[in-house]
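Participant: Okay, handing you the structure first.
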Amino acid sequence: MSGFTFSAAPSQGEYKLPPSGNHAAYCFGVVVLGSFDDEYQGQKKVVRKIRLDFELVNELMDVDGKQQPFSANIQMNISMFENSNFRKFLEAWRGGRYTDEQAAAGVDVSKFVGHTAMINLVHEPSKTGSVYANIKSIAPLPKGMSMPAMFNEKRLYSVFQHDQAAFEVLSDYLKGKIAQSKEWAQIAPIQSQFDKFNGTQTPPPAAQTTGDEPPF
């Protein structure tokens, strides 16, 4: 199985809250965080987690005198079971349901990078009292809507297919989260000897946003 195919955080510095509402966006980052212990209704299980990062192309903020788009992210458990939140999220994004055969064959999450979307952000308080802009829903970009070039560099990493160069550009928060995964114990010796490691992963090209078939 590919490290990017699956079947049936705060940024550094001052956090600037993106506006609530509907936004045209690019997915510029896909980070497969790894496997973690979890508990649901008293039953312990292991879940695989992913984080998706989106840039809001029409909402800009000033960073050191330069304009750049706000960003928002969502972290989810990876599951292609019919009623999973992850599968429902992808079906809403692609504008169509997966057949049982497609779900069993798996979805390549690397194809999300560079793909457009309409996302809805809602400001919600956390248990600590901080307010975050959470992605509450997603949909395909309306037909005929023009988009500027993507601002952020593509970010693509999977702990199941470790690439040191891709890992190095991640934030300290994401590195710390990945280091808590079950897979990290095998990767840590490689990471600690980076001068002897030469990653070979090449991120895929941006997914096409036109055509009859969704890219994922």
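Ligands are numbered from 1 in the order shown, residues from 1 within each chain, and chains are lettered A, B, ... in the order they appear in the structure tokens.
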List every residue of region 29-113 of chain A that DSSP, applied to the backbone of this structure, places in strand (DSSP E), and write the result as a PyMOL selection string.
Facilitator: chain A and resi 29-40+43-63+66-77+107-108
Participant: Would you output that residue set with C-alpha atoms, as a PDB file, in the first residue's frame?
Facilitator:
```pdb
ATOM      1  CA  GLY A  29      -0.916  20.805   2.300  1.00  0.00           C
ATOM      2  CA  VAL A  30      -1.522  17.110   2.985  1.00  0.00           C
ATOM      3  CA  VAL A  31       0.230  15.599   6.002  1.00  0.00           C
ATOM      4  CA  VAL A  32      -0.455  11.976   6.964  1.00  0.00           C
ATOM      5  CA  LEU A  33       0.403  12.083  10.668  1.00  0.00           C
ATOM      6  CA  GLY A  34       0.400   8.350  11.430  1.00  0.00           C
ATOM      7  CA  SER A  35      -1.340   5.889  13.765  1.00  0.00           C
ATOM      8  CA  PHE A  36      -2.463   6.785  17.285  1.00  0.00           C
ATOM      9  CA  ASP A  37      -4.255   5.098  20.174  1.00  0.00           C
ATOM     10  CA  ASP A  38      -7.835   6.273  20.604  1.00  0.00           C
ATOM     11  CA  GLU A  39     -10.936   5.335  22.541  1.00  0.00           C
ATOM     12  CA  TYR A  40     -14.575   5.489  21.449  1.00  0.00           C
ATOM     13  CA  GLN A  43     -13.471   0.683  23.262  1.00  0.00           C
ATOM     14  CA  LYS A  44      -9.796   1.188  22.533  1.00  0.00           C
ATOM     15  CA  LYS A  45      -8.660   1.297  18.927  1.00  0.00           C
ATOM     16  CA  VAL A  46      -5.901   2.591  16.679  1.00  0.00           C
ATOM     17  CA  VAL A  47      -6.730   5.392  14.224  1.00  0.00           C
ATOM     18  CA  ARG A  48      -4.748   6.931  11.381  1.00  0.00           C
ATOM     19  CA  LYS A  49      -4.814  10.725  11.221  1.00  0.00           C
ATOM     20  CA  ILE A  50      -4.397  13.260   8.431  1.00  0.00           C
ATOM     21  CA  ARG A  51      -4.192  17.048   8.305  1.00  0.00           C
ATOM     22  CA  LEU A  52      -5.307  19.110   5.311  1.00  0.00           C
ATOM     23  CA  ASP A  53      -4.265  22.759   4.867  1.00  0.00           C
ATOM     24  CA  PHE A  54      -6.205  25.257   2.733  1.00  0.00           C
ATOM     25  CA  GLU A  55      -5.379  28.799   1.617  1.00  0.00           C
ATOM     26  CA  LEU A  56      -8.221  31.321   1.245  1.00  0.00           C
ATOM     27  CA  VAL A  57      -7.443  32.961  -2.080  1.00  0.00           C
ATOM     28  CA  ASN A  58      -9.635  36.054  -1.606  1.00  0.00           C
ATOM     29  CA  GLU A  59      -8.813  36.772   2.045  1.00  0.00           C
ATOM     30  CA  LEU A  60      -5.395  38.364   2.511  1.00  0.00           C
ATOM     31  CA  MET A  61      -3.425  39.404   5.580  1.00  0.00           C
ATOM     32  CA  ASP A  62      -0.291  41.458   6.049  1.00  0.00           C
ATOM     33  CA  VAL A  63       2.823  39.510   7.038  1.00  0.00           C
ATOM     34  CA  LYS A  66       3.612  41.553   2.338  1.00  0.00           C
ATOM     35  CA  GLN A  67       0.148  40.295   1.468  1.00  0.00           C
ATOM     36  CA  GLN A  68      -0.557  36.568   1.694  1.00  0.00           C
ATOM     37  CA  PRO A  69      -3.738  34.513   2.000  1.00  0.00           C
ATOM     38  CA  PHE A  70      -5.171  33.352   5.284  1.00  0.00           C
ATOM     39  CA  SER A  71      -5.081  29.614   5.821  1.00  0.00           C
ATOM     40  CA  ALA A  72      -7.234  27.070   7.627  1.00  0.00           C
ATOM     41  CA  ASN A  73      -6.757  23.399   8.385  1.00  0.00           C
ATOM     42  CA  ILE A  74      -8.665  20.323   9.424  1.00  0.00           C
ATOM     43  CA  GLN A  75      -7.411  17.160  11.132  1.00  0.00           C
ATOM     44  CA  MET A  76      -9.369  13.946  10.677  1.00  0.00           C
ATOM     45  CA  ASN A  77      -9.259  10.219  11.256  1.00  0.00           C
ATOM     46  CA  VAL A 107      -8.191   6.992  -2.269  1.00  0.00           C
ATOM     47  CA  ASP A 108      -4.811   8.575  -2.996  1.00  0.00           C
TER      48      ASP A 108
END
```
Participant: Using only C-alpha atoms, find the one residue out of A:Met150, A:Lys143, A:Pro19, A:Ala185 that sits nearest to Val131 (chain A).
Facilitator: A:Pro19
Participant: Do you have the CA of Phe216 (chain A)-CA of Glu82 (chain A) distance handy?
Facilitator: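 Between these atoms lies a distance of 16.0 Å.
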Participant: Please determine, counting only C-alpha atoms, which residue among A:Gln186, A:Ser79, A:Leu90, A:Tyr26 has the shortest atom-to-atom distance to His115 (chain A).
Facilitator: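 Using only C-alpha atoms, His115 (chain A) sits closest to A:Tyr26.
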